[in-house]
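J.: Sharing model16.txt here; it has compact mmCIF, C-alpha atoms.
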```
# COMPACT_ATOMS: atom_id res chain seq x y z
CA MET A 20 48.22 18.01 0.46
CA SER A 21 50.26 20.22 -1.89
CA ASP A 22 51.80 22.02 1.16
CA ILE A 23 52.95 18.67 2.57
CA ARG A 24 54.51 17.72 -0.76
CA TRP A 25 56.39 21.01 -1.02
CA LYS A 26 57.65 20.88 2.58
CA THR A 27 58.86 17.30 2.09
CA PHE A 28 60.49 18.23 -1.22
CA TRP A 29 62.37 21.24 0.24
CA LEU A 30 63.47 19.25 3.30
CA GLY A 31 64.91 16.50 1.11
CA LEU A 32 66.57 19.06 -1.13
CA SER A 33 68.08 20.81 1.90
CA LEU A 34 69.51 17.55 3.29
CA LEU A 35 70.94 16.65 -0.09
CA GLY A 36 72.51 20.13 -0.46
CA ALA A 37 74.02 19.99 3.04
CA SER A 38 75.43 16.52 2.32
CA LEU A 39 77.03 17.75 -0.90
CA ILE A 40 78.61 20.72 0.92
CA ILE A 41 80.06 18.42 3.64
CA TRP A 42 81.32 16.04 0.94
CA ALA A 43 83.07 18.89 -0.83
CA ALA A 44 84.44 20.40 2.39
CA LYS A 45 85.54 17.22 4.15
CA SER A 46 84.87 13.76 2.72
CA LEU A 47 82.25 11.40 1.35
CA VAL A 48 82.19 9.42 4.61
CA ALA A 49 81.40 12.55 6.63
CA ALA A 50 78.63 13.42 4.20
CA LEU A 51 77.10 9.94 4.48
CA ILE A 52 77.31 10.00 8.29
CA PHE A 53 75.53 13.38 8.32
CA LEU A 54 72.85 12.11 5.94
CA CYS A 55 72.23 8.95 8.01
CA ILE A 56 71.95 10.94 11.27
CA ALA A 57 69.53 13.38 9.60
CA LEU A 58 67.38 10.52 8.25
CA VAL A 59 67.27 8.83 11.67
CA ILE A 60 66.18 12.08 13.30
CA TYR A 61 63.57 12.54 10.50
CA ILE A 62 62.18 9.01 11.01
CA VAL A 63 62.13 9.31 14.81
CA ASN A 64 60.27 12.61 14.46
CA HIS A 65 57.64 10.93 12.23
CA LEU A 66 57.32 7.98 14.61
CA TYR A 67 56.75 10.35 17.51
CA TRP A 68 53.99 12.25 15.77
CA LEU A 69 52.45 9.00 14.49
CA HIS A 70 52.30 7.87 18.10
CA GLN A 71 50.63 11.17 19.07
CA LEU A 72 48.12 10.69 16.24
CA GLN A 73 47.35 7.15 17.43
CA ILE A 74 46.72 8.38 20.97
CA TRP A 75 44.40 11.15 19.70
CA LEU A 76 42.43 8.80 17.43
CA LYS A 77 41.47 6.64 20.42
CA THR A 78 39.53 9.56 21.93
CA PRO A 79 39.36 12.30 19.27
CA SER A 80 38.63 15.69 20.79
CA LEU A 81 38.84 19.21 19.37
CA ASN A 82 40.44 20.43 22.62
CA GLU A 83 43.26 17.88 22.51
CA VAL A 84 44.46 17.95 18.87
CA PRO A 85 48.34 17.93 18.92
CA ASP A 86 50.08 21.04 17.53
CA GLY A 87 52.63 19.12 15.45
CA ARG A 88 55.78 20.33 13.76
CA GLY A 89 56.53 20.75 10.08
CA VAL A 90 54.31 18.63 7.86
CA TRP A 91 52.55 17.27 10.98
CA ALA A 92 51.35 20.77 11.81
CA ILE A 93 49.52 20.77 8.46
CA ILE A 94 48.16 17.23 9.07
CA PHE A 95 46.89 18.01 12.57
CA SER A 96 45.42 21.32 11.36
CA GLY A 97 43.48 19.42 8.67
CA LEU A 98 42.27 16.88 11.23
CA PHE A 99 41.13 19.72 13.48
CA GLN A 100 39.09 21.30 10.66
CA HIS A 101 37.60 17.95 9.62
CA GLN A 102 36.70 17.05 13.21
CA ARG A 103 35.09 20.44 13.74
CA LYS A 104 32.93 19.95 10.63
CA ASN A 105 31.95 16.48 11.83
CA SER A 106 31.09 17.81 15.28
CA ARG A 107 28.94 20.55 13.77
CA ALA A 108 27.21 18.05 11.47
CA GLU A 109 26.68 15.69 14.40
CA VAL A 110 25.08 18.45 16.47
CA GLU A 111 22.77 19.36 13.57
CA LEU A 112 21.86 15.68 13.05
CA VAL A 113 21.14 15.15 16.74
CA THR A 114 19.02 18.33 16.79
CA ALA A 115 17.08 17.18 13.72
CA LEU A 116 16.62 13.69 15.20
CA GLU A 117 15.38 15.11 18.49
CA GLY A 118 12.96 17.35 16.58
CA PHE A 119 11.71 14.35 14.60
CA GLN A 120 11.25 12.33 17.77
CA ARG A 121 9.38 15.17 19.48
CA ALA A 122 7.13 15.59 16.44
CA THR A 123 6.36 11.87 16.08
CA SER A 124 5.84 11.52 19.82
CA ALA A 125 3.11 14.17 19.55
CA LEU A 126 1.30 12.18 16.85
CA PRO A 127 -1.77 10.16 17.90
CA ASP A 128 -0.63 7.34 15.57
CA GLY A 129 2.02 4.81 16.48
CA VAL A 130 5.29 5.14 14.52
CA VAL A 131 8.03 2.50 14.43
CA VAL A 132 11.30 2.86 12.48
CA LEU A 133 12.61 -0.47 11.13
CA ASN A 134 16.05 -1.14 9.65
CA HIS A 135 16.82 -3.25 6.58
CA ARG A 136 16.51 -6.43 8.67
CA ASP A 137 13.05 -5.39 9.94
CA GLU A 138 14.48 -4.74 13.40
CA ILE A 139 13.15 -1.98 15.64
CA GLU A 140 15.34 1.14 15.65
CA TRP A 141 12.94 3.50 17.40
CA CYS A 142 9.26 3.86 18.27
CA ASN A 143 7.08 6.61 19.73
CA PRO A 144 4.85 6.31 22.87
CA PRO A 145 1.60 5.61 20.93
CA ALA A 146 3.34 2.65 19.23
CA GLU A 147 4.39 1.34 22.63
CA LEU A 148 0.78 1.57 23.82
CA LEU A 149 -0.89 0.11 20.71
CA LEU A 150 1.63 -2.64 19.90
CA GLY A 151 2.98 -3.41 23.36
CA LEU A 152 6.55 -2.29 22.57
CA ASP A 153 9.22 -0.90 24.90
CA ALA A 154 11.61 1.51 23.18
CA SER A 155 14.35 0.99 25.76
CA LYS A 156 14.26 -2.82 25.75
CA ASP A 157 13.06 -3.84 22.30
CA SER A 158 15.58 -1.90 20.22
CA ASN A 159 17.37 -4.01 17.55
CA GLN A 160 14.81 -6.80 17.96
CA PRO A 161 12.81 -8.15 14.95
CA ILE A 162 9.37 -6.55 14.76
CA GLN A 163 7.85 -10.03 14.14
CA ASN A 164 8.72 -10.98 17.71
CA PHE A 165 6.27 -8.41 19.07
CA VAL A 166 3.66 -7.87 16.33
CA ARG A 167 2.61 -11.48 15.79
CA TYR A 168 -0.60 -11.06 13.80
CA ALA A 169 -0.68 -13.55 10.91
CA GLU A 170 -2.00 -10.83 8.59
CA PHE A 171 0.92 -8.56 9.49
CA ILE A 172 3.56 -11.28 9.01
CA SER A 173 2.18 -12.04 5.52
CA TYR A 174 2.00 -8.31 4.76
CA LEU A 175 5.61 -7.76 5.88
CA GLN A 176 6.94 -10.67 3.84
CA SER A 177 4.95 -9.77 0.71
CA LYS A 178 7.10 -6.65 0.06
CA LYS A 179 3.93 -4.99 -1.31
CA TYR A 180 2.95 -2.12 0.94
CA ASN A 181 0.50 -0.13 -1.21
CA ASN A 182 -2.49 -1.14 0.90
CA LYS A 183 -3.19 -1.00 4.62
CA ILE A 184 -4.17 -3.99 6.75
CA THR A 185 -6.68 -4.13 9.60
CA VAL A 186 -6.20 -6.42 12.61
CA LYS A 187 -7.81 -6.93 16.00
CA SER A 188 -5.50 -5.98 18.85
CA ALA A 189 -4.16 -8.90 20.88
CA ARG A 190 -4.01 -6.62 23.95
CA ASN A 191 -7.65 -5.56 23.74
CA ILE A 192 -10.18 -7.49 21.66
CA GLU A 193 -12.35 -4.36 21.31
CA THR A 194 -9.51 -2.40 19.69
CA THR A 195 -9.04 -2.49 15.93
CA LEU A 196 -5.69 -1.46 14.48
CA GLN A 197 -4.87 -0.26 10.98
CA ILE A 198 -1.24 -0.87 9.98
CA GLN A 199 0.74 0.37 6.99
CA LEU A 200 4.40 0.02 6.04
CA ILE A 201 6.23 2.74 4.10
CA VAL A 202 9.69 2.14 2.61
CA PHE A 203 12.18 5.01 2.89
CA GLY A 204 15.95 5.54 2.68
CA THR A 205 17.86 2.59 1.27
CA SER A 206 15.81 -0.27 2.71
CA GLN A 207 14.38 1.10 5.94
CA LYS A 208 10.68 0.98 6.74
CA LEU A 209 8.27 3.17 8.65
CA LEU A 210 5.47 1.27 10.40
CA ILE A 211 2.42 3.44 11.03
CA CYS A 212 -0.24 2.06 13.37
CA ARG A 213 -3.63 3.70 14.00
CA ASN A 214 -6.49 2.90 16.36
CA ILE A 215 -9.62 2.87 14.18
CA SER A 216 -11.98 1.38 16.75
CA ALA A 217 -14.16 4.51 16.88
CA GLN A 218 -14.45 4.68 13.10
CA GLU A 219 -15.24 0.98 12.94
CA LYS A 220 -18.01 1.41 15.51
CA ILE A 221 -19.47 4.27 13.46
CA ASP A 222 -19.32 2.12 10.30
CA THR A 223 -20.97 -0.76 12.14
CA MET A 224 -23.74 1.54 13.40
CA ARG A 225 -24.23 2.90 9.88
CA ARG A 226 -24.44 -0.61 8.39
CA ASP A 227 -26.86 -1.75 11.09
CA PHE A 228 -28.99 1.35 10.60
CA ILE A 229 -29.18 0.86 6.83
CA ALA A 230 -29.91 -2.85 7.23
CA ASN A 231 -32.64 -2.24 9.83
CA VAL A 232 -34.29 0.57 7.88
CA SER A 233 -34.14 -1.43 4.64
CA HIS A 234 -35.62 -4.46 6.35
CA GLU A 235 -38.44 -2.39 7.86
CA LEU A 236 -39.22 -0.73 4.51
CA ARG A 237 -39.37 -3.98 2.56
CA THR A 238 -42.66 -5.16 4.09
CA PRO A 239 -44.72 -1.95 3.61
CA LEU A 240 -43.37 -1.59 0.04
CA THR A 241 -44.44 -5.15 -0.72
CA VAL A 242 -47.90 -4.41 0.67
CA VAL A 243 -48.23 -1.15 -1.29
CA GLY A 244 -47.06 -2.82 -4.51
CA GLY A 245 -49.47 -5.69 -3.97
CA PHE A 246 -52.44 -3.37 -3.47
CA LEU A 247 -51.52 -1.33 -6.55
CA GLU A 248 -51.33 -4.46 -8.70
CA THR A 249 -54.65 -5.69 -7.25
CA LEU A 250 -56.34 -2.40 -8.10
CA LEU A 251 -55.00 -2.52 -11.65
CA ASP A 252 -56.24 -6.10 -12.08
CA THR A 253 -59.68 -5.29 -10.63
CA LYS A 254 -62.19 -4.48 -13.33
CA ASP A 255 -63.34 -0.83 -13.39
CA ALA A 256 -61.31 -0.06 -10.21
CA VAL A 257 -58.96 2.21 -12.15
CA THR A 258 -60.09 4.51 -14.91
CA ASP A 259 -58.15 4.83 -18.13
CA SER A 260 -57.24 8.43 -17.27
CA THR A 261 -55.49 7.37 -14.02
CA ARG A 262 -53.99 4.05 -15.19
CA THR A 263 -50.77 5.84 -16.24
CA TYR A 264 -50.32 7.11 -12.69
CA PHE A 265 -50.82 3.63 -11.26
CA ASP A 266 -48.27 2.16 -13.68
CA LEU A 267 -45.80 4.84 -12.62
CA MET A 268 -46.40 4.10 -8.92
CA ILE A 269 -45.88 0.37 -9.50
CA ASN A 270 -42.63 1.05 -11.39
CA GLN A 271 -41.29 3.31 -8.66
CA THR A 272 -42.34 0.83 -5.97
CA GLU A 273 -40.46 -1.91 -7.78
CA ARG A 274 -37.42 0.34 -8.13
CA MET A 275 -37.47 1.08 -4.38
CA ARG A 276 -37.74 -2.64 -3.69
CA LEU A 277 -34.66 -3.33 -5.82
CA ILE A 278 -32.71 -0.60 -3.99
CA ILE A 279 -33.69 -2.08 -0.63
CA GLU A 280 -32.66 -5.58 -1.75
CA ASP A 281 -29.28 -4.26 -2.91
CA LEU A 282 -28.82 -2.34 0.36
CA LEU A 283 -29.51 -5.51 2.33
CA THR A 284 -27.10 -7.47 0.14
CA LEU A 285 -24.38 -4.85 0.56
CA SER A 286 -24.93 -4.68 4.32
CA ARG A 287 -24.74 -8.47 4.59
CA ILE A 288 -21.46 -8.62 2.63
CA GLU A 289 -19.89 -5.73 4.57
CA SER A 290 -20.73 -7.23 7.95
CA ASN A 291 -19.47 -10.70 7.01
CA ASN A 292 -15.97 -10.99 8.48
CA GLU A 293 -15.61 -14.67 7.70
CA VAL A 294 -13.17 -15.74 5.01
CA PRO A 295 -15.16 -16.66 1.87
CA SER A 296 -15.48 -20.30 0.93
CA ALA A 297 -12.51 -21.90 -0.82
CA SER A 298 -14.55 -24.52 -2.67
CA LEU A 299 -13.67 -25.12 -6.29
CA ILE A 300 -16.12 -23.51 -8.73
CA ASN A 301 -16.88 -25.02 -12.14
CA MET A 302 -16.53 -21.80 -14.13
CA SER A 303 -17.65 -23.32 -17.41
CA THR A 304 -21.10 -24.12 -15.95
CA LEU A 305 -21.31 -20.79 -14.11
CA LEU A 306 -20.43 -18.65 -17.15
CA THR A 307 -22.81 -20.58 -19.41
CA MET A 308 -25.62 -19.85 -16.93
CA ILE A 309 -24.65 -16.13 -16.81
CA GLN A 310 -24.67 -16.00 -20.63
CA SER A 311 -28.14 -17.58 -20.71
CA ASP A 312 -29.47 -15.06 -18.14
CA ALA A 313 -27.87 -12.20 -20.08
CA ASN A 314 -29.61 -13.28 -23.30
CA ALA A 315 -32.92 -13.36 -21.42
CA LEU A 316 -32.33 -9.85 -20.03
CA SER A 317 -31.28 -8.49 -23.42
CA ASN A 318 -34.28 -10.12 -25.09
CA GLY A 319 -32.42 -10.41 -28.38
CA LYS A 320 -31.40 -6.75 -28.52
CA HIS A 321 -27.67 -7.50 -28.13
CA THR A 322 -25.14 -10.10 -29.16
CA ILE A 323 -23.80 -11.89 -26.04
CA LEU A 324 -20.52 -13.76 -26.62
CA LEU A 325 -18.49 -16.00 -24.29
CA ASP A 326 -14.80 -16.78 -24.69
CA ALA A 327 -13.68 -19.05 -21.85
CA GLU A 328 -10.92 -21.51 -21.04
CA ASP A 329 -12.71 -24.70 -19.98
CA SER A 330 -9.82 -25.94 -17.84
CA LEU A 331 -9.62 -22.73 -15.78
CA ASN A 332 -11.43 -22.64 -12.43
CA ILE A 333 -11.18 -20.68 -9.19
CA LYS A 334 -11.72 -21.21 -5.47
CA GLY A 335 -14.27 -18.99 -3.75
CA SER A 336 -17.89 -18.40 -2.85
CA ARG A 337 -20.01 -19.39 -5.84
CA GLU A 338 -22.99 -17.29 -4.70
CA GLU A 339 -20.96 -14.12 -4.18
CA LEU A 340 -18.96 -14.41 -7.41
CA LEU A 341 -22.13 -15.17 -9.38
CA SER A 342 -23.54 -11.88 -8.04
CA ALA A 343 -20.36 -9.96 -8.97
CA PHE A 344 -20.12 -11.39 -12.50
CA THR A 345 -23.84 -10.90 -13.14
CA ASN A 346 -23.62 -7.26 -12.01
CA LEU A 347 -20.89 -6.50 -14.57
CA VAL A 348 -22.75 -8.26 -17.40
CA THR A 349 -26.06 -6.59 -16.48
CA ASN A 350 -24.41 -3.14 -16.46
CA ALA A 351 -22.89 -3.82 -19.88
CA ILE A 352 -26.35 -4.67 -21.27
CA ARG A 353 -27.96 -1.60 -19.70
CA TYR A 354 -25.39 0.82 -21.09
CA THR A 355 -24.98 -0.70 -24.55
CA PRO A 356 -27.38 0.52 -27.26
CA GLU A 357 -29.56 -1.97 -29.11
CA GLY A 358 -27.56 -3.96 -31.65
CA GLY A 359 -24.34 -3.75 -29.64
CA THR A 360 -22.08 -6.62 -28.58
CA ILE A 361 -21.15 -7.78 -25.08
CA THR A 362 -18.24 -10.22 -24.77
CA MET A 363 -17.31 -12.18 -21.66
CA HIS A 364 -13.70 -13.39 -21.43
CA TRP A 365 -12.40 -15.96 -18.95
CA GLN A 366 -8.68 -16.61 -19.31
CA LEU A 367 -5.35 -17.08 -17.55
CA LYS A 368 -2.96 -14.09 -17.57
CA ASN A 369 0.36 -14.12 -15.70
CA LYS A 370 -0.82 -17.17 -13.72
CA GLN A 371 -3.90 -15.24 -12.55
CA ALA A 372 -7.50 -15.92 -13.53
CA VAL A 373 -9.15 -12.91 -15.21
CA PHE A 374 -12.85 -12.40 -15.90
CA SER A 375 -13.62 -9.45 -18.15
CA VAL A 376 -16.74 -7.99 -19.74
CA SER A 377 -16.29 -5.84 -22.85
CA ASP A 378 -19.08 -3.88 -24.50
CA THR A 379 -19.60 -1.54 -27.44
CA GLY A 380 -21.64 0.86 -25.35
CA ILE A 381 -21.55 4.56 -24.55
CA GLY A 382 -18.27 4.44 -22.61
CA ILE A 383 -17.25 6.35 -19.50
CA GLU A 384 -15.27 9.56 -19.10
CA GLU A 385 -11.92 9.19 -17.32
CA ARG A 386 -12.97 11.49 -14.46
CA HIS A 387 -15.78 9.11 -13.46
CA ILE A 388 -13.84 5.82 -13.37
CA ALA A 389 -12.24 6.27 -9.93
CA ARG A 390 -15.66 6.80 -8.30
CA LEU A 391 -17.65 4.04 -10.02
CA THR A 392 -17.66 1.76 -6.95
CA GLU A 393 -19.07 4.42 -4.61
CA ARG A 394 -22.59 3.88 -3.33
CA PHE A 395 -25.25 5.54 -5.51
CA TYR A 396 -22.64 7.14 -7.78
CA ARG A 397 -23.98 7.41 -11.31
CA VAL A 398 -22.25 8.66 -14.44
CA ASP A 399 -25.63 9.56 -15.95
CA THR A 400 -28.38 9.80 -13.31
CA GLY A 401 -31.27 9.97 -15.76
CA ARG A 402 -30.09 7.02 -17.83
CA SER A 403 -29.41 4.90 -14.73
CA ARG A 404 -32.98 5.36 -13.55
CA ASP A 405 -34.39 4.66 -16.99
CA THR A 406 -32.47 1.39 -17.22
CA GLY A 407 -33.41 0.29 -13.71
CA GLY A 408 -30.03 0.75 -12.06
CA THR A 409 -29.87 1.22 -8.28
CA GLY A 410 -26.36 2.71 -8.12
CA LEU A 411 -25.24 -0.07 -5.74
CA GLY A 412 -24.16 -2.81 -8.15
CA LEU A 413 -20.48 -1.89 -8.42
CA ALA A 414 -20.29 -1.17 -4.67
CA ILE A 415 -21.45 -4.76 -4.10
CA VAL A 416 -18.89 -6.00 -6.65
CA LYS A 417 -16.12 -4.07 -4.88
CA HIS A 418 -16.83 -5.68 -1.49
CA ILE A 419 -17.15 -9.18 -2.95
CA LEU A 420 -13.80 -8.81 -4.72
CA SER A 421 -12.20 -7.41 -1.55
CA ARG A 422 -13.27 -10.54 0.32
CA HIS A 423 -11.66 -12.70 -2.40
CA LYS A 424 -8.47 -10.56 -2.58
CA ALA A 425 -9.32 -9.77 -6.21
CA LYS A 426 -9.01 -6.46 -8.05
CA LEU A 427 -11.36 -4.58 -10.37
CA LYS A 428 -9.79 -2.83 -13.38
CA VAL A 429 -11.71 -0.52 -15.73
CA LYS A 430 -10.77 0.67 -19.21
CA SER A 431 -13.16 2.81 -21.20
CA THR A 432 -13.29 5.08 -24.22
CA LEU A 433 -16.16 7.53 -24.46
CA GLY A 434 -18.46 6.58 -27.32
CA LYS A 435 -16.66 3.29 -28.05
CA GLY A 436 -17.27 1.06 -25.04
CA SER A 437 -15.82 -0.24 -21.79
CA THR A 438 -14.02 -3.27 -20.37
CA PHE A 439 -14.44 -4.27 -16.72
CA SER A 440 -11.92 -6.89 -15.57
CA ILE A 441 -11.70 -8.90 -12.36
CA VAL A 442 -8.19 -10.19 -11.59
CA PHE A 443 -8.03 -13.03 -9.06
CA PRO A 444 -4.90 -13.81 -7.02
CA GLN A 445 -2.84 -16.83 -7.99
CA SER A 446 -3.78 -18.51 -4.70
CA ARG A 447 -7.42 -18.82 -5.87
CA THR A 448 -6.60 -19.81 -9.44
CA VAL A 449 -6.81 -23.45 -10.55
CA SER A 450 -5.68 -23.95 -14.15
CA GLU A 451 -6.27 -27.70 -14.30
CA PRO A 452 -9.63 -29.41 -14.95
CA ASN A 453 -11.33 -30.74 -11.84
CA LYS A 454 -14.39 -32.96 -12.09
CA GLU A 455 -15.36 -32.16 -8.50
CA ALA A 456 -15.78 -28.43 -9.17
CA ALA A 457 -19.15 -27.15 -8.01
```
Let me see the structure of the file written as C-alpha cells.
T.:
Amino acid sequence: MSDIRWKTFWLGLSLLGASLIIWAAKSLVAALIFLCIALVIYIVNHLYWLHQLQIWLKTPSLNEVPDGRGVWAIIFSGLFQHQRKNSRAEVELVTALEGFQRATSALPDGVVVLNHRDEIEWCNPPAELLLGLDASKDSNQPIQNFVRYAEFISYLQSKKYNNKITVKSARNIETTLQIQLIVFGTSQKLLICRNISAQEKIDTMRRDFIANVSHELRTPLTVVGGFLETLLDTKDAVTDSTRTYFDLMINQTERMRLIIEDLLTLSRIESNNEVPSASLINMSTLLTMIQSDANALSNGKHTILLDAEDSLNIKGSREELLSAFTNLVTNAIRYTPEGGTITMHWQLKNKQAVFSVSDTGIGIEERHIARLTERFYRVDTGRSRDTGGTGLGLAIVKHILSRHKAKLKVKSTLGKGSTFSIVFPQSRTVSEPNKEAA
C-alpha cells in the first residue's frame, strides 16, 4: 500500500512540474490543456485496468492474473499472492476434510454433521445404514425430517446433550440405537449413533439369569431357614454348645434371603420398560409413614426429624418412590451412630421438588461417592454386613430415579455426616395442594 501511495504521489508531482514548465515556457492555457489531456489518459488507464480486474474476479485464476502497469502492477501482484495463499489453504482444507471423511467412514458408529439450523451437512455410511439417510440427497435437510423418534426430537430441542438417549430403530424393531449430540464450532452439532443391540441382548440375558437364579434360590433358602428355626424351637434338639452356630446360620440365611429379594426387585425394575405411573402422590402421608417406619427401625437410638412442605406433591409410582425414599432413610440409620440425628427434607427448589436425607453419621470419602450406586459396592464391607446391608439399595434407587427422570446428588464430609438428595424434574412437580393425591 505504501508503494502505491508513493507512485501516485510522484506521478502527480511529475504532472504538476511538467504543467509549470509549459506554463513558464508558453502559456497558462497550454499548461491547462496538457494537464487535462494527462488526467484523461490517467483516468482511461485506470478504467481499463478496473475492467480487467472485473473480468478476472468473475473467474479468478492464478494463471490468468493481468500483469498491469504502474500502480496496477502492484495491485495485481498483491492479488496474485493473496490468491495463491487462498489456493494453498483451500488445498490443505480439502485434504483435511477428505482425511476426516475417510476416518469417520471407517468408524462403526454413525456420524452426522449438523449446522446451526440442525440441517444435515454430511454423514458417513454407518449413519446412512442406521438412520436411513442418503448423503447425496438429504444434504441441507432438517435432521428431524429423517430421525423422527419422539425421544430424539425432545432431546434435540432440550439443548442439554450431556446424556445419551436410547431408541428402538424404526427400520428394524430388533435394533436398538444409542444417540448422542455433541456441540462443536460456533453452533454446529455432531450426531453420533451406535447400534447397541448386542450389548442390550447381553444385559437382558444377564438380568434374566440373575432373576432366574434368585427365584430358584429363594425356595430352598426358605426351607433351610424354616428347618433351622424349627430345630431351635424344638426342646433338646440343639445343645447349648451348638446354639451359637445355629443362630449364625439363621442370620446368614436371612441375609441371603434379603440379597435375593433385592436382586429380584432390581431385575424387575431394570426389565420394566413402561413409563412409570403419573398419578399424584400425597407426599405428606407418604413421608409420615416413612418417618414412622424409620423410628421403628431405629428403636429409639436416633432422632428422626421431618421437615416437609405440605402443599408439595409429585407425580409418579408410589410403590417405587416409597422404596427409593425408604432405602435412603434406612442407610442413614445404619451408618449413623447411636444418638445421632437423621433429618428428612421435602421442599421446592428452583421449581423442582427435592427430597433429601441428612445424617450426622460417619460420612463418606470423596473417592467412594461416584461408585455408590454400583451393585454390591460397599464403602466399608465389614460394617455393611454387620448392619444388614445387601449392597444393592442404592443401585435400586438409581434405577427408580432413572425411570422418573430424577437425579441423585450426594454431599458428604468424613466424620460429620452425609446428605443424599433426590431432585425431581419440574414436569413431575405439583406445588399446589390436591385432595385427590394418593
J.: Determine the nearest neighbour of Phe265 (chain A) from the options A:Ser96, A:Asp281, A:Ser216, A:Phe246, counting all atoms listed in the file.
T.: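 For Phe265 (chain A), the nearest of the candidates is A:Phe246.
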J.: Residues at most 9 Å from region 162-164 of chain A, counting all atoms listed in the file, excluding those fewer than 6 positions away in the same chain, as a PyMOL selection string?
T.: chain A and resi 133+137-139+171-172+175
J.: Selection from above, C-alpha atoms, as a PDB file, in the frame of the given file, can you write it?
T.:
```pdb
ATOM      1  CA  LEU A 133      12.610  -0.470  11.130  1.00  0.00           C
ATOM      2  CA  ASP A 137      13.050  -5.390   9.940  1.00  0.00           C
ATOM      3  CA  GLU A 138      14.480  -4.740  13.400  1.00  0.00           C
ATOM      4  CA  ILE A 139      13.150  -1.980  15.640  1.00  0.00           C
ATOM      5  CA  PHE A 171       0.920  -8.560   9.490  1.00  0.00           C
ATOM      6  CA  ILE A 172       3.560 -11.280   9.010  1.00  0.00           C
ATOM      7  CA  LEU A 175       5.610  -7.760   5.880  1.00  0.00           C
TER       8      LEU A 175
END
```
J.: What's around region 299-309 of chain A at 7 Å? Count only C-alpha atoms, leave out sequence neighbours fewer than 4 positions away in its own chain, and write the answer as a VMD selection string.
T.: chain A and resid 313 329 332 to 335 337 345 456 to 457
J.: Which is closer to Leu420 (chain A) than all the others in A:Thr253, A:Ser106, A:Ser336, A:Thr438, using all atoms listed in the file?
T.: A:Ser336
J.: What lies within 7 Å of Gly410 (chain A) using only C-alpha atoms, ignoring chain neighbours under 2 positions off, as a PyMOL selection string?
T.: chain A and resi 394-397+408+412
J.: Enter the distance from CA of Thr432 (chain A) to CA of Ile383 (chain A), in Å, rounded to one decimal.
T.: 6.3 Å
J.: Extract, using all atoms listed in the file, all DNA, RNA and protein residues at most 12 Å from Ile52 (chain A), discarding same-chain residues fewer than 6 positions from it, and format them as a PyMOL selection string.
T.: chain A and resi 34+37-38+41-42+45-46+58-59
J.: Grab the CA of Ile288 (chain A) to CA of Lys220 (chain A) distance for me, in Å with one decimal place.
T.: 16.7 Å
J.: Please write out, as AutoDock Vina command-line options, where the centre of an axis-aligned box around all listed atoms of region 355-370 of chain A lies and how long its edges are, in Å to one decimal, after adding 8 Å on each side.
T.:
```
--center_x -14.6 --center_y -8.3 --center_z -22.7 --size_x 45.9 --size_y 33.7 --size_z 33.9
```
J.: Around (-20.0, -7.8, -24.6) in the file's own coordinates, what residues are found within 7 Å if you use all atoms listed in the file, given back as an mmCIF file with C-alpha atoms, in the coordinates of the input?
T.:
```
data_model
loop_
_atom_site.group_PDB
_atom_site.id
_atom_site.type_symbol
_atom_site.label_atom_id
_atom_site.label_comp_id
_atom_site.auth_asym_id
_atom_site.auth_seq_id
_atom_site.Cartn_x
_atom_site.Cartn_y
_atom_site.Cartn_z
ATOM 1 C CA ILE A 323 -23.800 -11.890 -26.040
ATOM 2 C CA LEU A 324 -20.520 -13.760 -26.620
ATOM 3 C CA ALA A 351 -22.890 -3.820 -19.880
ATOM 4 C CA THR A 360 -22.080 -6.620 -28.580
ATOM 5 C CA ILE A 361 -21.150 -7.780 -25.080
ATOM 6 C CA THR A 362 -18.240 -10.220 -24.770
ATOM 7 C CA MET A 363 -17.310 -12.180 -21.660
ATOM 8 C CA VAL A 376 -16.740 -7.990 -19.740
ATOM 9 C CA SER A 377 -16.290 -5.840 -22.850
ATOM 10 C CA ASP A 378 -19.080 -3.880 -24.500
ATOM 11 C CA THR A 379 -19.600 -1.540 -27.440
#
```
J.: Would you mind listing, for every residue of region 204-295 of chain A within 9 Å of region 190-196 of chain A, the two atoms forming the shortest contact and the distance between them in Å to one decimal, using only C-alpha atoms, sorted by chain and ascending residue number, as a Markdown table?
T.:
```
| residue | atom | partner | partner_atom | distance |
| --- | --- | --- | --- | --- |
| A:Cys212 | CA | A:Leu196 | CA | 6.6 |
| A:Arg213 | CA | A:Leu196 | CA | 5.6 |
| A:Asn214 | CA | A:Leu196 | CA | 4.8 |
| A:Ile215 | CA | A:Thr195 | CA | 5.7 |
| A:Ser216 | CA | A:Thr195 | CA | 4.9 |
| A:Ala217 | CA | A:Thr195 | CA | 8.7 |
| A:Glu219 | CA | A:Thr195 | CA | 7.7 |
```
J.: Rounded to one decimal place, report the CA of Val130 (chain A)-CA of Val110 (chain A) distance in Å.
T.: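 Value for the CA of Val130 (chain A)-CA of Val110 (chain A) distance: 23.9 Å.
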J.: For Phe99 (chain A), which residue among A:Glu357, A:Asp86, A:Glu235, A:Glu111 is the nearest when counting all atoms listed in the file?
T.: A:Asp86
J.: Between A:Ser342, A:Thr284, A:Asn369, A:Asn270, single out the one closest to Ile229 (chain A), counting all atoms listed in the file.
T.: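 Using all atoms listed in the file, Ile229 (chain A) sits closest to A:Thr284.
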J.: Please tell me which residues are no farther than 12 Å from (-19.0, -4.4, -15.9) in the file, counting only C-alpha atoms, and write them as a PyMOL selection string.
T.: chain A and resi 342-355+361-364+374-380+382-383+388+391-392+412-414+416-417+427-431+436-441
J.: Of the residues A:Lys208, A:Lys179, A:His423, A:His101, which is the one nearest to Cys142 (chain A), using all atoms listed in the file?
T.: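 With all atoms listed in the file as the atom set, the closest residue is A:Lys208.
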J.: Could you list, as a PyMOL selection string, every residue within 7 Å of region 143-157 of chain A, counting all atoms listed in the file and ignoring same-chain residues fewer than 4 positions away?
T.: chain A and resi 123-124+127-131+139+166+212
J.: In terms of the shortest atom-to-atom distance over all atoms listed in the file, which of A:Gln197, A:Ser298, A:Asn134, A:Glu140 is closest to Glu338 (chain A)?
T.: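 Comparing A:Gln197, A:Ser298, A:Asn134, A:Glu140 against Glu338 (chain A), the winner is A:Ser298.
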